[in-house]
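The structure appears right after this line, and notes come after that.
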Amino acid sequence: MIHEAGEDLEKDLKKMSAIQDKLYAEGKQALLIVLQALYAAGKDGAIKYVMSGINPQGCRVSSFKTPSIYELDHDFLWKVHKEIPSRGRIGIFNRSYYEEVLVVRVHQNILKRQKIPDVSGKIEDGKIRKERYDDINNFELHFVRNGIQIVKFFLTISKEEQKNRFMERIENAEKNWKLSPNDLKERQYWDEYMKVYFKMLEHTSTSYAPW
């Protein structure tokens, strides 16, 4: 089974490389791959192995961390716009703007620090969640209309498997760097994350940018 999977991956990598050449040569379209995942679900591994056949000159991986003070002076999609791949290229988001409808729902104190004008108490009553779903859907539609195809993947694992991977990172000195105290802290909110991920998938899987 593993041998067959390896052969399939090798064939797919060659196919991806050929398609990338055509994408670059045409210069009219781009591909954006969005990866969202639970902690330790394998985003980095997916990028490393699945995308290993891609020419790095035509591909860029972007990660989005906690917004800086400067970024908080802009709307939540501002920092993302400049990372959208140009025509002929491939962009990969290792986590993305979707954090703004995930983490901020589990930790609502984060949202309250984002300098958002709380018109009619929309933060407290949850209206801002609907607004952000709409903003993201419109944001993605805009890019699709301009030739940027969006493919979104949600990588998930069981709570028990996550525990096993965390323990491996603790016990294996070569993998210690992969585990941060924040990973363990966020595990406490497993049930809350399950709920917000379900809502995110429900409200942002569209015909033009499905999960």
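Labels for the structure tokens follow display order: chains A, B, ..., residues from 1 in each chain, ligands from 1.
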Contacts of segment 19-33 of chain A at 8 Å or less, counting only C-alpha atoms, minus same-chain residues fewer than 4 places along, as a compact mmCIF listing (two decimals) with all heavy atoms, in the first residue's frame?
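Result file part27.txt:
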# COMPACT_ATOMS: atom_id res chain seq x y z
N LYS A 15 3.05 15.28 -13.08
CA LYS A 15 1.90 15.94 -13.71
C LYS A 15 1.79 17.39 -13.22
O LYS A 15 1.54 18.30 -14.01
CB LYS A 15 0.62 15.17 -13.37
CG LYS A 15 -0.62 15.69 -14.08
CD LYS A 15 -1.87 14.93 -13.65
CE LYS A 15 -1.78 13.47 -14.03
NZ LYS A 15 -3.04 12.75 -13.69
N ILE A 54 7.18 20.88 -7.36
CA ILE A 54 6.93 22.21 -7.91
C ILE A 54 8.22 23.01 -8.00
O ILE A 54 9.06 22.97 -7.10
CB ILE A 54 5.91 22.96 -7.01
CG1 ILE A 54 4.56 22.26 -7.05
CG2 ILE A 54 5.77 24.41 -7.44
CD1 ILE A 54 3.90 22.24 -8.41
N ASN A 55 8.38 23.75 -9.08
CA ASN A 55 9.53 24.63 -9.23
C ASN A 55 9.42 25.77 -8.21
O ASN A 55 8.50 26.56 -8.27
CB ASN A 55 9.55 25.21 -10.65
CG ASN A 55 10.81 26.03 -10.91
OD1 ASN A 55 11.46 26.53 -10.00
ND2 ASN A 55 11.14 26.17 -12.19
N GLY A 58 8.50 29.46 -9.02
CA GLY A 58 7.14 29.89 -9.35
C GLY A 58 6.15 29.63 -8.23
O GLY A 58 4.94 29.64 -8.46
N ILE A 84 -1.33 37.38 -2.27
CA ILE A 84 -2.02 36.64 -3.32
C ILE A 84 -1.04 36.44 -4.49
O ILE A 84 -0.36 37.38 -4.91
CB ILE A 84 -3.27 37.40 -3.80
CG1 ILE A 84 -4.29 37.53 -2.66
CG2 ILE A 84 -3.90 36.70 -5.01
CD1 ILE A 84 -4.88 36.22 -2.19
N PRO A 85 -0.92 35.23 -5.03
CA PRO A 85 0.06 34.98 -6.10
C PRO A 85 -0.26 35.78 -7.37
O PRO A 85 -1.43 35.98 -7.71
CB PRO A 85 -0.06 33.48 -6.35
CG PRO A 85 -1.46 33.12 -5.89
CD PRO A 85 -1.69 34.01 -4.70
N SER A 86 0.79 36.22 -8.03
CA SER A 86 0.62 36.92 -9.29
C SER A 86 0.33 35.90 -10.38
O SER A 86 0.53 34.69 -10.22
CB SER A 86 1.88 37.72 -9.63
OG SER A 86 3.01 36.87 -9.66
N ARG A 87 -0.16 36.36 -11.51
CA ARG A 87 -0.53 35.46 -12.60
C ARG A 87 0.66 34.62 -13.06
O ARG A 87 1.78 35.11 -13.20
CB ARG A 87 -1.10 36.26 -13.76
CG ARG A 87 -2.46 36.89 -13.44
CD ARG A 87 -3.07 37.59 -14.65
NE ARG A 87 -4.41 38.06 -14.36
CZ ARG A 87 -4.71 39.25 -13.83
NH1 ARG A 87 -3.73 40.08 -13.52
NH2 ARG A 87 -5.96 39.58 -13.60
N GLY A 88 0.40 33.35 -13.25
CA GLY A 88 1.45 32.43 -13.67
C GLY A 88 2.13 31.72 -12.51
O GLY A 88 2.98 30.86 -12.74
N ARG A 89 1.74 32.05 -11.28
CA ARG A 89 2.44 31.49 -10.13
C ARG A 89 1.48 30.77 -9.18
O ARG A 89 0.27 30.86 -9.30
CB ARG A 89 3.19 32.60 -9.38
CG ARG A 89 4.26 33.25 -10.25
CD ARG A 89 5.05 34.30 -9.52
NE ARG A 89 6.07 34.88 -10.38
CZ ARG A 89 7.28 34.36 -10.54
NH1 ARG A 89 7.63 33.26 -9.91
NH2 ARG A 89 8.16 34.95 -11.34
N ILE A 90 2.08 30.09 -8.22
CA ILE A 90 1.33 29.33 -7.21
C ILE A 90 1.62 29.90 -5.83
O ILE A 90 2.79 30.14 -5.49
CB ILE A 90 1.73 27.83 -7.24
CG1 ILE A 90 1.38 27.21 -8.59
CG2 ILE A 90 1.04 27.06 -6.11
CD1 ILE A 90 1.92 25.80 -8.76
N GLY A 91 0.59 30.12 -5.06
CA GLY A 91 0.76 30.59 -3.69
C GLY A 91 0.18 29.57 -2.73
O GLY A 91 -0.84 28.95 -3.02
N ILE A 92 0.85 29.37 -1.61
CA ILE A 92 0.37 28.45 -0.59
C ILE A 92 0.25 29.20 0.73
O ILE A 92 1.24 29.82 1.18
CB ILE A 92 1.33 27.25 -0.40
CG1 ILE A 92 1.51 26.50 -1.72
CG2 ILE A 92 0.80 26.30 0.68
CD1 ILE A 92 2.58 25.42 -1.67
N PHE A 93 -0.91 29.18 1.32
CA PHE A 93 -1.10 29.80 2.62
C PHE A 93 -1.06 28.73 3.70
O PHE A 93 -1.93 27.87 3.77
CB PHE A 93 -2.44 30.55 2.67
CG PHE A 93 -2.46 31.85 1.94
CD1 PHE A 93 -1.34 32.32 1.28
CD2 PHE A 93 -3.61 32.62 1.90
CE1 PHE A 93 -1.35 33.53 0.59
CE2 PHE A 93 -3.64 33.83 1.22
CZ PHE A 93 -2.50 34.29 0.57
N ASN A 146 -10.77 37.15 -11.23
CA ASN A 146 -9.57 37.72 -11.84
C ASN A 146 -8.52 36.66 -12.17
O ASN A 146 -7.34 36.97 -12.34
CB ASN A 146 -8.97 38.79 -10.93
CG ASN A 146 -9.75 40.10 -11.02
OD1 ASN A 146 -9.50 40.92 -11.91
ND2 ASN A 146 -10.69 40.30 -10.12
N GLY A 147 -8.97 35.40 -12.25
CA GLY A 147 -8.07 34.35 -12.71
C GLY A 147 -7.26 33.63 -11.66
O GLY A 147 -6.41 32.81 -11.99
N ILE A 148 -7.52 33.91 -10.38
CA ILE A 148 -6.81 33.21 -9.32
C ILE A 148 -7.70 32.09 -8.81
O ILE A 148 -8.72 32.34 -8.16
CB ILE A 148 -6.41 34.15 -8.15
CG1 ILE A 148 -5.32 35.13 -8.58
CG2 ILE A 148 -5.88 33.33 -6.98
CD1 ILE A 148 -5.78 36.33 -9.32
N GLN A 149 -7.37 30.86 -9.15
CA GLN A 149 -8.15 29.72 -8.70
C GLN A 149 -7.77 29.37 -7.26
O GLN A 149 -6.59 29.34 -6.92
CB GLN A 149 -7.90 28.51 -9.60
CG GLN A 149 -8.22 28.78 -11.07
CD GLN A 149 -9.65 29.26 -11.28
OE1 GLN A 149 -10.59 28.67 -10.75
NE2 GLN A 149 -9.82 30.31 -12.05
N ILE A 150 -8.77 29.13 -6.42
CA ILE A 150 -8.54 28.88 -5.00
C ILE A 150 -8.94 27.45 -4.64
O ILE A 150 -10.06 27.03 -4.92
CB ILE A 150 -9.33 29.88 -4.14
CG1 ILE A 150 -8.93 31.32 -4.50
CG2 ILE A 150 -9.09 29.61 -2.66
CD1 ILE A 150 -9.75 32.38 -3.80
N VAL A 151 -8.00 26.74 -4.03
CA VAL A 151 -8.25 25.38 -3.57
C VAL A 151 -7.97 25.36 -2.07
O VAL A 151 -6.88 25.70 -1.63
CB VAL A 151 -7.36 24.35 -4.29
CG1 VAL A 151 -7.69 22.95 -3.80
CG2 VAL A 151 -7.54 24.45 -5.80
N LYS A 152 -8.97 24.95 -1.28
CA LYS A 152 -8.84 25.01 0.17
C LYS A 152 -8.88 23.61 0.78
O LYS A 152 -9.74 22.80 0.41
CB LYS A 152 -9.96 25.88 0.76
CG LYS A 152 -9.98 27.29 0.17
CD LYS A 152 -11.05 28.18 0.79
CE LYS A 152 -12.45 27.73 0.48
NZ LYS A 152 -13.48 28.73 0.85
N PHE A 153 -7.96 23.36 1.70
CA PHE A 153 -7.89 22.06 2.37
C PHE A 153 -7.94 22.24 3.88
O PHE A 153 -7.20 23.07 4.43
CB PHE A 153 -6.60 21.32 2.01
CG PHE A 153 -6.47 20.98 0.56
CD1 PHE A 153 -5.79 21.82 -0.32
CD2 PHE A 153 -7.04 19.81 0.06
CE1 PHE A 153 -5.67 21.50 -1.66
CE2 PHE A 153 -6.92 19.48 -1.29
CZ PHE A 153 -6.24 20.33 -2.15
Practice task
Just the residues within 12 Å of Ser207 of chain A, please, counting only C-alpha atoms, with nothing from its chain fewer than 2 positions along; format it as a count of residues only.
Solution key: 14
Fill in the blank from the handout: Taken to one decimal, the atom CA of Thr66 of chain A-atom CA of Asn182 of chain A distance is 12.4 Å
Go through segment 18-117 of chain A and flag each residue having an atom no more than 8 Å from segment 157-167 of chain A; for those, report the closest pair of atoms plus their distance in Å to one decimal, using only C-alpha atoms, ordered by chain and rising number, as a Markdown table.
| residue | atom | partner | partner_atom | distance |
| --- | --- | --- | --- | --- |
| A:Leu38 | CA | A:Ile157 | CA | 7.2 |
| A:Tyr39 | CA | A:Gln162 | CA | 7.3 |
| A:Ala40 | CA | A:Gln162 | CA | 6.2 |
| A:Ala41 | CA | A:Ile157 | CA | 5.8 |
Handout entry: Every residue of segment 4-45 of chain A that DSSP places in strand (DSSP E), as a list of chain:residue names
Key =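 The strand (DSSP E) residues within segment 4-45 of chain A come out as A:Ala30, A:Leu31, A:Leu32, A:Ile33, A:Val34, A:Leu35, A:Gln36, A:Ala37.
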Exercise for the section: Compile the contact shell of Ile170 of chain A as a VMD selection string: residues with an atom at most 8 Å away, counting only C-alpha atoms, same-chain residues fewer than 5 positions apart removed. Expected result: chain A and resid 175 to 176 179
Keeping N, CA, C and O atoms for every residue in the selection just given, could you write it to a file as a CSV table (one decimal), in the first residue's frame?
chain,number,residue,atom,x,y,z
A,175,LYS,N,12.6,16.7,17.3
A,175,LYS,CA,11.3,17.3,17.0
A,175,LYS,C,10.8,18.3,18.1
A,175,LYS,O,9.7,18.8,18.0
A,176,ASN,N,11.6,18.5,19.1
A,176,ASN,CA,11.2,19.4,20.1
A,176,ASN,C,10.8,20.8,19.6
A,176,ASN,O,9.9,21.4,20.1
A,179,LEU,N,7.1,21.8,18.8
A,179,LEU,CA,6.1,22.0,19.8
A,179,LEU,C,6.3,23.2,20.6
A,179,LEU,O,7.4,23.5,21.1
Practice task
Just list the residues in segment 31-124 of chain A DSSP gives helix (DSSP H, G or I) on the backbone, as number ranges by chain.
Solution key: A: 43-50, 56-58, 71-73, 78-81, 97-101, 103-106, 108-112, 119-124
Output N, CA and C atoms for every residue in that selection, as a short mmCIF file (atom, residue, chain, number, x, y, z; two decimals), in the first residue's frame.
data_model
loop_
_atom_site.label_atom_id
_atom_site.label_comp_id
_atom_site.auth_asym_id
_atom_site.auth_seq_id
_atom_site.Cartn_x
_atom_site.Cartn_y
_atom_site.Cartn_z
N LYS A 43 0.29 20.20 8.22
CA LYS A 43 0.39 21.19 7.14
C LYS A 43 1.79 21.26 6.55
N ASP A 44 2.78 21.34 7.43
CA ASP A 44 4.16 21.46 6.96
C ASP A 44 4.58 20.23 6.16
N GLY A 45 4.16 19.06 6.62
CA GLY A 45 4.50 17.84 5.90
C GLY A 45 3.84 17.79 4.54
N ALA A 46 2.59 18.25 4.47
CA ALA A 46 1.88 18.27 3.19
C ALA A 46 2.60 19.17 2.19
N ILE A 47 3.03 20.33 2.66
CA ILE A 47 3.74 21.26 1.79
C ILE A 47 5.07 20.65 1.34
N LYS A 48 5.78 20.03 2.27
CA LYS A 48 7.10 19.48 1.98
C LYS A 48 7.05 18.35 0.96
N TYR A 49 6.10 17.43 1.13
CA TYR A 49 6.09 16.24 0.28
C TYR A 49 5.22 16.40 -0.97
N VAL A 50 4.01 16.90 -0.79
CA VAL A 50 3.09 17.01 -1.93
C VAL A 50 3.57 18.05 -2.93
N PRO A 56 10.36 25.88 -7.26
CA PRO A 56 10.27 26.89 -6.21
C PRO A 56 10.28 28.32 -6.73
N GLN A 57 10.80 28.52 -7.95
CA GLN A 57 10.83 29.87 -8.51
C GLN A 57 9.43 30.39 -8.83
N GLY A 58 8.50 29.46 -9.02
CA GLY A 58 7.14 29.89 -9.35
C GLY A 58 6.15 29.63 -8.23
N GLU A 71 -0.52 46.07 11.44
CA GLU A 71 -1.57 45.34 10.71
C GLU A 71 -2.94 45.58 11.32
N LEU A 72 -2.98 45.77 12.63
CA LEU A 72 -4.26 46.02 13.30
C LEU A 72 -4.83 47.40 12.97
N ASP A 73 -4.01 48.25 12.35
CA ASP A 73 -4.50 49.55 11.90
C ASP A 73 -5.24 49.44 10.56
N TRP A 78 -6.33 42.94 4.90
CA TRP A 78 -5.32 43.81 4.27
C TRP A 78 -3.98 43.11 4.08
N LYS A 79 -3.50 42.44 5.13
CA LYS A 79 -2.18 41.81 5.05
C LYS A 79 -2.16 40.62 4.10
N VAL A 80 -3.33 40.08 3.80
CA VAL A 80 -3.42 38.90 2.94
C VAL A 80 -3.34 39.29 1.47
N HIS A 81 -3.94 40.41 1.14
CA HIS A 81 -4.07 40.82 -0.27
C HIS A 81 -2.71 40.83 -0.98
N TYR A 97 -6.21 33.79 6.41
CA TYR A 97 -7.20 34.74 6.94
C TYR A 97 -8.33 34.03 7.66
N TYR A 98 -8.43 32.71 7.51
CA TYR A 98 -9.47 31.97 8.21
C TYR A 98 -9.25 31.94 9.72
N GLU A 99 -8.03 32.25 10.15
CA GLU A 99 -7.79 32.35 11.58
C GLU A 99 -8.71 33.41 12.21
N GLU A 100 -9.12 34.38 11.39
CA GLU A 100 -9.94 35.47 11.89
C GLU A 100 -11.41 35.10 12.08
N VAL A 101 -11.77 33.87 11.74
CA VAL A 101 -13.10 33.36 12.08
C VAL A 101 -12.98 32.07 12.89
N VAL A 103 -9.72 31.37 15.57
CA VAL A 103 -9.09 31.68 16.85
C VAL A 103 -9.85 32.79 17.59
N VAL A 104 -10.28 33.80 16.86
CA VAL A 104 -10.95 34.92 17.52
C VAL A 104 -12.34 34.55 18.04
N ARG A 105 -12.87 33.44 17.56
CA ARG A 105 -14.15 32.97 18.10
C ARG A 105 -13.94 32.16 19.36
N VAL A 106 -12.82 31.46 19.42
CA VAL A 106 -12.51 30.71 20.64
C VAL A 106 -12.02 31.65 21.73
N GLN A 108 -12.41 35.35 22.33
CA GLN A 108 -13.08 36.58 21.91
C GLN A 108 -12.39 37.84 22.42
N ASN A 109 -11.53 37.70 23.42
CA ASN A 109 -10.79 38.86 23.89
C ASN A 109 -9.84 39.39 22.82
N ILE A 110 -9.40 38.50 21.91
CA ILE A 110 -8.54 38.92 20.80
C ILE A 110 -9.30 39.88 19.90
N LEU A 111 -10.53 39.53 19.59
CA LEU A 111 -11.35 40.35 18.71
C LEU A 111 -11.56 41.74 19.29
N LYS A 112 -11.70 41.81 20.58
CA LYS A 112 -11.97 43.10 21.23
C LYS A 112 -10.76 44.03 21.20
N VAL A 119 -20.16 48.89 16.09
CA VAL A 119 -21.44 49.52 15.77
C VAL A 119 -22.59 48.64 16.26
N SER A 120 -23.43 49.22 17.07
CA SER A 120 -24.62 48.52 17.59
C SER A 120 -24.27 47.22 18.31
N GLY A 121 -23.08 47.17 18.90
CA GLY A 121 -22.70 46.00 19.68
C GLY A 121 -22.53 44.74 18.87
N LYS A 122 -22.06 44.84 17.63
CA LYS A 122 -21.98 43.67 16.75
C LYS A 122 -20.97 42.63 17.23
N ILE A 123 -19.98 43.06 18.01
CA ILE A 123 -19.02 42.10 18.52
C ILE A 123 -19.67 41.23 19.59
N GLU A 124 -20.41 41.87 20.47
CA GLU A 124 -21.05 41.14 21.56
C GLU A 124 -22.15 40.20 21.07
#
Completion exercise
From the list A:Arg129, A:Arg95, A:Lys11, A:Lys65, the nearest residue to Val196 of chain A using only C-alpha atoms is A:Arg129
